[in-house]
Amino acid sequence: MAGIKDVAAEAGVSVATVSRVLNSHPSVSEDARTRVVAAVDALGYRPNAVARSLRTAQTRTLGLVISDVLNPYFTELARFVEEEARALGYSVIIGNADERPELQDHHMRTLIDRRIDGLLVSPADGGSPLMREIAHSGTPMVFVDRWIPGLDVPVVRADGTAAVQDLVAHLHGLGHRRLAIIAGPAATTTGDERVEAFRAALRELGLALPDAYIGQGDFQAASGRRATECFLELPEPPEVVFAADNLMALGALDAIRARGLRVPDDIGLAAFDDIPWFVHTAPPITAIAQPVADLARAAVRALADLIDGRAPLSVTLPARLVVRRSCGERDAPDQRSDR
């Protein structure tokens, strides 16, 4: 492989001039710049990224720690993060926390050791001392989807409160009164927020949320299955189950079918986080959709601003209700903004 000295010899300039051209330094004549570019093309020279990072103190690499790579929502988020980062000249290294705080911390340590320029994190919980240490260390970091209250870290997230209100009003309009929720982990901001939004929406309509109608989940399908089995054992089961996550909704659907029951004839089902699969289930599942692509782009831009010394913006975008047939209704126009 050609080196920088080969390029300098080919162009008839010094190594320092080649370096200035490669780093877009203004103090190079147009003639020298033209000759260096021609030499680079002729020799197929590629700058050594490691050497460049030592000179510039930047690796042009971002870290992304997501909660669960098997969750279609986070898979899609990672895709759009990588797409936006690439457009800004960054590569992305992804770490999958698998909803385990200790694995989340392992990935963050590894990424910091690899001298990434900045870190995007969707926290698996709010109690990580390492997360707080990184936040206070000056390492550029942005929370995406989930966040840790009290930390001075920009947050890019969706607000599902209005969409949950729309869902509850929709279910009430269909005549449903006994509504249950499968909650995510209380240690996550999204887990707690969605339950409170659901409770508040019920309260506005004069409906209660009994403890028996709150199932505790962990954003995994198995927990959705277990919570729904408990609901179905009640003397008066709920008329609709709202899962606060797409995988828990699929687990709920498994439990309902295992009992020989049908959605929506015997029990309705709705979910937070719309995914492509929901269009193809029988019946298609009513869901709250987050603007995944917009969230990813805003998060990468906020992190790039931090890295470049600009003031980053926290961003909150609205989620929206997508009505399908899983609660007894007819299909409404189904348009997902990210596709």
# chains A, B, ... in the order shown; residues from 1 in each chain; ligands from 1

$ residues_around --residues "Pro237 of chain A" --least-positions-apart "3" --cutoff "10 Å" --atoms "only C-alpha atoms" --output "compact mmCIF listing (two decimals) with all heavy atoms, in the first residue's frame"
# COMPACT_ATOMS: atom_id res chain seq x y z
N ARG A 178 -62.93 -2.01 30.77
CA ARG A 178 -61.93 -2.70 31.59
C ARG A 178 -60.63 -2.79 30.79
O ARG A 178 -60.47 -3.66 29.92
CB ARG A 178 -62.42 -4.10 31.99
CG ARG A 178 -63.72 -4.09 32.78
CD ARG A 178 -64.02 -5.44 33.43
NE ARG A 178 -63.97 -6.55 32.50
CZ ARG A 178 -64.97 -6.93 31.71
NH1 ARG A 178 -66.12 -6.26 31.73
NH2 ARG A 178 -64.83 -7.97 30.91
N LEU A 179 -59.73 -1.87 31.07
CA LEU A 179 -58.49 -1.76 30.30
C LEU A 179 -57.30 -2.07 31.20
O LEU A 179 -57.17 -1.52 32.30
CB LEU A 179 -58.34 -0.35 29.73
CG LEU A 179 -59.55 0.21 28.96
CD1 LEU A 179 -59.25 1.61 28.44
CD2 LEU A 179 -59.96 -0.71 27.82
N ALA A 180 -56.42 -2.94 30.72
CA ALA A 180 -55.24 -3.35 31.48
C ALA A 180 -53.98 -2.94 30.73
O ALA A 180 -54.00 -2.72 29.51
CB ALA A 180 -55.25 -4.86 31.70
N ALA A 212 -54.77 -5.10 39.86
CA ALA A 212 -54.86 -6.38 39.14
C ALA A 212 -54.75 -6.20 37.63
O ALA A 212 -54.46 -7.16 36.91
CB ALA A 212 -56.17 -7.08 39.49
N TYR A 213 -55.00 -4.98 37.17
CA TYR A 213 -54.94 -4.70 35.74
C TYR A 213 -53.59 -4.07 35.33
O TYR A 213 -53.46 -3.53 34.23
CB TYR A 213 -56.07 -3.77 35.32
CG TYR A 213 -57.42 -4.47 35.15
CD1 TYR A 213 -57.56 -5.82 35.47
CD2 TYR A 213 -58.53 -3.78 34.70
CE1 TYR A 213 -58.78 -6.46 35.34
CE2 TYR A 213 -59.75 -4.40 34.55
CZ TYR A 213 -59.88 -5.74 34.88
OH TYR A 213 -61.10 -6.36 34.74
N THR A 228 -50.21 -11.51 30.67
CA THR A 228 -51.51 -11.75 30.05
C THR A 228 -52.16 -13.01 30.61
O THR A 228 -53.39 -13.06 30.81
CB THR A 228 -51.35 -11.85 28.53
OG1 THR A 228 -50.72 -10.66 28.04
CG2 THR A 228 -52.70 -12.02 27.84
N CYS A 230 -51.92 -13.99 33.61
CA CYS A 230 -52.49 -13.57 34.90
C CYS A 230 -53.79 -12.81 34.69
O CYS A 230 -54.76 -13.00 35.44
CB CYS A 230 -51.50 -12.71 35.67
SG CYS A 230 -50.05 -13.60 36.26
N PHE A 231 -53.83 -11.93 33.68
CA PHE A 231 -55.06 -11.20 33.39
C PHE A 231 -56.21 -12.16 33.08
O PHE A 231 -57.35 -11.99 33.52
CB PHE A 231 -54.87 -10.25 32.20
CG PHE A 231 -53.96 -9.08 32.45
CD1 PHE A 231 -53.21 -8.55 31.40
CD2 PHE A 231 -53.84 -8.51 33.70
CE1 PHE A 231 -52.37 -7.46 31.60
CE2 PHE A 231 -52.99 -7.42 33.91
CZ PHE A 231 -52.26 -6.90 32.87
N LEU A 232 -55.91 -13.18 32.29
CA LEU A 232 -56.95 -14.10 31.85
C LEU A 232 -57.45 -15.01 32.97
O LEU A 232 -58.52 -15.62 32.85
CB LEU A 232 -56.42 -14.96 30.68
CG LEU A 232 -56.06 -14.17 29.41
CD1 LEU A 232 -55.47 -15.10 28.36
CD2 LEU A 232 -57.28 -13.44 28.86
N GLU A 233 -56.69 -15.10 34.05
CA GLU A 233 -57.11 -15.89 35.21
C GLU A 233 -58.05 -15.12 36.13
O GLU A 233 -58.66 -15.70 37.03
CB GLU A 233 -55.88 -16.33 36.02
CG GLU A 233 -54.99 -17.36 35.33
CD GLU A 233 -55.64 -18.74 35.27
OE1 GLU A 233 -56.65 -18.96 35.98
OE2 GLU A 233 -55.15 -19.58 34.50
N LEU A 234 -58.16 -13.82 35.94
CA LEU A 234 -58.99 -13.00 36.83
C LEU A 234 -60.47 -13.36 36.68
O LEU A 234 -60.91 -13.75 35.59
CB LEU A 234 -58.78 -11.52 36.51
CG LEU A 234 -57.39 -10.94 36.80
CD1 LEU A 234 -57.29 -9.52 36.23
CD2 LEU A 234 -57.11 -10.94 38.29
N VAL A 240 -59.46 -5.16 27.11
CA VAL A 240 -58.35 -4.82 26.22
C VAL A 240 -57.06 -4.85 27.05
O VAL A 240 -57.03 -4.37 28.19
CB VAL A 240 -58.51 -3.42 25.59
CG1 VAL A 240 -57.28 -3.10 24.72
CG2 VAL A 240 -59.77 -3.34 24.75
N VAL A 241 -56.00 -5.40 26.46
CA VAL A 241 -54.67 -5.35 27.07
C VAL A 241 -53.81 -4.41 26.24
O VAL A 241 -53.71 -4.58 25.02
CB VAL A 241 -54.03 -6.75 27.11
CG1 VAL A 241 -52.57 -6.66 27.57
CG2 VAL A 241 -54.81 -7.68 28.04
N ILE A 267 -60.93 -10.65 23.32
CA ILE A 267 -60.16 -9.65 24.06
C ILE A 267 -59.38 -8.80 23.06
O ILE A 267 -58.91 -9.31 22.03
CB ILE A 267 -59.21 -10.32 25.07
CG1 ILE A 267 -58.52 -9.27 25.96
CG2 ILE A 267 -58.17 -11.20 24.37
CD1 ILE A 267 -57.77 -9.89 27.15

$ residues_around --residues "Phe219 of chain A" --least-positions-apart "4" --cutoff "9 Å" --atoms "only C-alpha atoms" --output "ChimeraX atom specification"
/A:71,99,183-185,191,223-224,244-248

$ closest_residue --among "A:Gly206, A:Gly3, A:Phe242, A:Arg297" --to "Ile285 of chain A" --atoms "only C-alpha atoms"
A:Phe242

$ closest_residue --among "A:Glu30, A:Val156, A:Ile94, A:Glu229" --to "Arg257 of chain A" --atoms "only C-alpha atoms"
A:Glu229

$ residues_around --residues "Pro264 of chain A" --least-positions-apart "2" --cutoff "8 Å" --atoms "only C-alpha atoms" --output "MDAnalysis selection string"
chainID A and resid 262 266:269 283 325:328

$ select_by_dssp --residues "segment 14-138 of chain A" --states "strand (DSSP E)" --output "list in words"
Thr61, Leu62, Gly63, Leu64, Val65, Ile66, Ser91, Val92, Ile93, Ile94, Gly95, Asn96, Gly118, Leu119, Leu120 and Val121 of chain A

$ write_last_selection --atoms "N, CA and C atoms" --output "mmCIF file, in the first residue's frame"
data_model
loop_
_atom_site.group_PDB
_atom_site.id
_atom_site.type_symbol
_atom_site.label_atom_id
_atom_site.label_comp_id
_atom_site.auth_asym_id
_atom_site.auth_seq_id
_atom_site.Cartn_x
_atom_site.Cartn_y
_atom_site.Cartn_z
ATOM 1 N N THR A 61 -15.605 8.324 15.109
ATOM 2 C CA THR A 61 -16.396 7.132 15.462
ATOM 3 C C THR A 61 -17.331 7.465 16.623
ATOM 4 N N LEU A 62 -18.572 7.033 16.508
ATOM 5 C CA LEU A 62 -19.556 7.201 17.575
ATOM 6 C C LEU A 62 -19.896 5.839 18.164
ATOM 7 N N GLY A 63 -20.213 5.809 19.434
ATOM 8 C CA GLY A 63 -20.701 4.598 20.078
ATOM 9 C C GLY A 63 -22.202 4.680 20.262
ATOM 10 N N LEU A 64 -22.882 3.575 20.058
ATOM 11 C CA LEU A 64 -24.333 3.492 20.280
ATOM 12 C C LEU A 64 -24.613 2.278 21.144
ATOM 13 N N VAL A 65 -25.127 2.498 22.333
ATOM 14 C CA VAL A 65 -25.501 1.399 23.228
ATOM 15 C C VAL A 65 -27.018 1.359 23.284
ATOM 16 N N ILE A 66 -27.601 0.308 22.694
ATOM 17 C CA ILE A 66 -29.058 0.174 22.664
ATOM 18 C C ILE A 66 -29.510 -0.897 23.644
ATOM 19 N N SER A 91 -18.343 6.844 11.641
ATOM 20 C CA SER A 91 -18.697 5.429 11.721
ATOM 21 C C SER A 91 -19.368 5.188 13.076
ATOM 22 N N VAL A 92 -20.081 4.065 13.199
ATOM 23 C CA VAL A 92 -20.793 3.758 14.442
ATOM 24 C C VAL A 92 -20.436 2.356 14.909
ATOM 25 N N ILE A 93 -20.109 2.234 16.194
ATOM 26 C CA ILE A 93 -19.919 0.926 16.832
ATOM 27 C C ILE A 93 -21.109 0.706 17.761
ATOM 28 N N ILE A 94 -21.778 -0.433 17.607
ATOM 29 C CA ILE A 94 -23.011 -0.693 18.359
ATOM 30 C C ILE A 94 -22.766 -1.724 19.453
ATOM 31 N N GLY A 95 -23.287 -1.431 20.637
ATOM 32 C CA GLY A 95 -23.266 -2.379 21.744
ATOM 33 C C GLY A 95 -24.684 -2.710 22.156
ATOM 34 N N ASN A 96 -24.991 -3.989 22.308
ATOM 35 C CA ASN A 96 -26.331 -4.444 22.692
ATOM 36 C C ASN A 96 -26.354 -4.755 24.183
ATOM 37 N N GLY A 118 -17.930 10.282 20.671
ATOM 38 C CA GLY A 118 -19.143 10.563 21.426
ATOM 39 C C GLY A 118 -19.979 9.310 21.592
ATOM 40 N N LEU A 119 -20.959 9.383 22.498
ATOM 41 C CA LEU A 119 -21.711 8.198 22.899
ATOM 42 C C LEU A 119 -23.207 8.488 22.880
ATOM 43 N N LEU A 120 -23.964 7.622 22.196
ATOM 44 C CA LEU A 120 -25.426 7.628 22.227
ATOM 45 C C LEU A 120 -25.873 6.440 23.072
ATOM 46 N N VAL A 121 -26.756 6.678 24.042
ATOM 47 C CA VAL A 121 -27.169 5.608 24.955
ATOM 48 C C VAL A 121 -28.674 5.644 25.167
#

$ residues_around --residues "Ala289 of chain A" --least-positions-apart "4" --cutoff "7 Å" --atoms "only C-alpha atoms" --output "MDAnalysis selection string"
chainID A and resid 272:274 319:322

$ decode --residues "segment 313-328 of chain A" --atoms "all heavy atoms" --output "tab-separated table (two decimals), in the first residue's frame"
chain	number	residue	atom	x	y	z
A	313	LEU	N	-29.16	20.47	21.28
A	313	LEU	CA	-30.57	20.65	21.62
A	313	LEU	C	-31.17	19.33	22.08
A	313	LEU	O	-31.01	18.30	21.41
A	313	LEU	CB	-31.36	21.16	20.40
A	313	LEU	CG	-31.06	22.58	19.92
A	313	LEU	CD1	-31.86	22.86	18.66
A	313	LEU	CD2	-31.39	23.59	21.00
A	314	SER	N	-31.86	19.36	23.24
A	314	SER	CA	-32.72	18.22	23.57
A	314	SER	C	-33.96	18.32	22.69
A	314	SER	O	-34.44	19.42	22.40
A	314	SER	CB	-33.12	18.26	25.05
A	314	SER	OG	-32.02	17.94	25.87
A	315	VAL	N	-34.46	17.19	22.25
A	315	VAL	CA	-35.58	17.18	21.30
A	315	VAL	C	-36.65	16.22	21.80
A	315	VAL	O	-36.34	15.09	22.19
A	315	VAL	CB	-35.11	16.74	19.89
A	315	VAL	CG1	-36.29	16.65	18.93
A	315	VAL	CG2	-34.06	17.71	19.36
A	316	THR	N	-37.90	16.68	21.80
A	316	THR	CA	-39.03	15.81	22.13
A	316	THR	C	-40.00	15.85	20.96
A	316	THR	O	-40.48	16.93	20.58
A	316	THR	CB	-39.74	16.28	23.41
A	316	THR	OG1	-38.82	16.26	24.50
A	316	THR	CG2	-40.91	15.35	23.74
A	317	LEU	N	-40.27	14.70	20.38
A	317	LEU	CA	-41.16	14.59	19.22
A	317	LEU	C	-42.42	13.83	19.62
A	317	LEU	O	-42.38	12.95	20.49
A	317	LEU	CB	-40.46	13.86	18.08
A	317	LEU	CG	-39.16	14.50	17.57
A	317	LEU	CD1	-38.49	13.60	16.54
A	317	LEU	CD2	-39.44	15.87	16.97
A	318	PRO	N	-43.55	14.12	19.00
A	318	PRO	CA	-44.79	13.43	19.37
A	318	PRO	C	-44.90	12.05	18.73
A	318	PRO	O	-44.51	11.85	17.58
A	318	PRO	CB	-45.88	14.36	18.84
A	318	PRO	CG	-45.23	15.04	17.66
A	318	PRO	CD	-43.77	15.20	18.02
A	319	ALA	N	-45.42	11.10	19.50
A	319	ALA	CA	-45.80	9.80	18.95
A	319	ALA	C	-47.25	9.92	18.45
A	319	ALA	O	-47.94	10.90	18.72
A	319	ALA	CB	-45.68	8.71	20.01
A	320	ARG	N	-47.70	8.90	17.72
A	320	ARG	CA	-49.07	8.97	17.18
A	320	ARG	C	-49.73	7.60	17.21
A	320	ARG	O	-49.06	6.56	17.17
A	320	ARG	CB	-49.06	9.52	15.76
A	320	ARG	CG	-48.35	8.62	14.76
A	320	ARG	CD	-48.26	9.25	13.38
A	320	ARG	NE	-47.56	8.36	12.45
A	320	ARG	CZ	-48.15	7.41	11.74
A	320	ARG	NH1	-49.45	7.23	11.85
A	320	ARG	NH2	-47.45	6.64	10.93
A	321	LEU	N	-51.04	7.62	17.28
A	321	LEU	CA	-51.82	6.39	17.30
A	321	LEU	C	-52.09	5.90	15.88
A	321	LEU	O	-52.49	6.66	15.01
A	321	LEU	CB	-53.16	6.64	18.01
A	321	LEU	CG	-54.15	5.48	18.04
A	321	LEU	CD1	-53.59	4.30	18.84
A	321	LEU	CD2	-55.49	5.93	18.62
A	322	VAL	N	-51.87	4.59	15.67
A	322	VAL	CA	-52.19	3.94	14.39
A	322	VAL	C	-53.29	2.92	14.67
A	322	VAL	O	-53.06	1.91	15.35
A	322	VAL	CB	-50.97	3.24	13.78
A	322	VAL	CG1	-51.34	2.57	12.47
A	322	VAL	CG2	-49.84	4.24	13.56
A	323	VAL	N	-54.48	3.17	14.19
A	323	VAL	CA	-55.64	2.32	14.47
A	323	VAL	C	-55.73	1.18	13.47
A	323	VAL	O	-55.72	1.41	12.25
A	323	VAL	CB	-56.94	3.15	14.45
A	323	VAL	CG1	-58.16	2.24	14.60
A	323	VAL	CG2	-56.93	4.20	15.55
A	324	ARG	N	-55.78	-0.04	14.01
A	324	ARG	CA	-56.00	-1.22	13.16
A	324	ARG	C	-57.17	-2.03	13.74
A	324	ARG	O	-58.02	-1.45	14.39
A	324	ARG	CB	-54.70	-2.02	13.06
A	324	ARG	CG	-53.56	-1.20	12.42
A	324	ARG	CD	-52.37	-2.08	12.06
A	324	ARG	NE	-51.28	-1.27	11.51
A	324	ARG	CZ	-50.20	-0.89	12.18
A	324	ARG	NH1	-50.04	-1.29	13.45
A	324	ARG	NH2	-49.27	-0.15	11.62
A	325	ARG	N	-57.21	-3.34	13.54
A	325	ARG	CA	-58.41	-4.10	13.89
A	325	ARG	C	-58.34	-4.86	15.21
A	325	ARG	O	-59.28	-5.56	15.56
A	325	ARG	CB	-58.73	-5.09	12.77
A	325	ARG	CG	-59.09	-4.44	11.44
A	325	ARG	CD	-59.84	-5.39	10.54
A	325	ARG	NE	-59.11	-6.63	10.30
A	325	ARG	CZ	-58.25	-6.82	9.31
A	325	ARG	NH1	-57.98	-5.83	8.48
A	325	ARG	NH2	-57.65	-7.97	9.15
A	326	SER	N	-57.24	-4.78	15.94
A	326	SER	CA	-57.06	-5.66	17.09
A	326	SER	C	-57.88	-5.30	18.32
A	326	SER	O	-57.86	-6.00	19.32
A	326	SER	CB	-55.58	-5.70	17.49
A	326	SER	OG	-55.14	-4.41	17.88
A	327	CYS	N	-58.60	-4.18	18.23
A	327	CYS	CA	-59.48	-3.81	19.34
A	327	CYS	C	-60.95	-3.80	18.91
A	327	CYS	O	-61.81	-3.31	19.63
A	327	CYS	CB	-59.10	-2.45	19.91
A	327	CYS	SG	-57.42	-2.42	20.60
A	328	GLY	N	-61.21	-4.33	17.72
A	328	GLY	CA	-62.59	-4.45	17.25
A	328	GLY	C	-62.94	-3.44	16.18
A	328	GLY	O	-64.07	-3.44	15.69
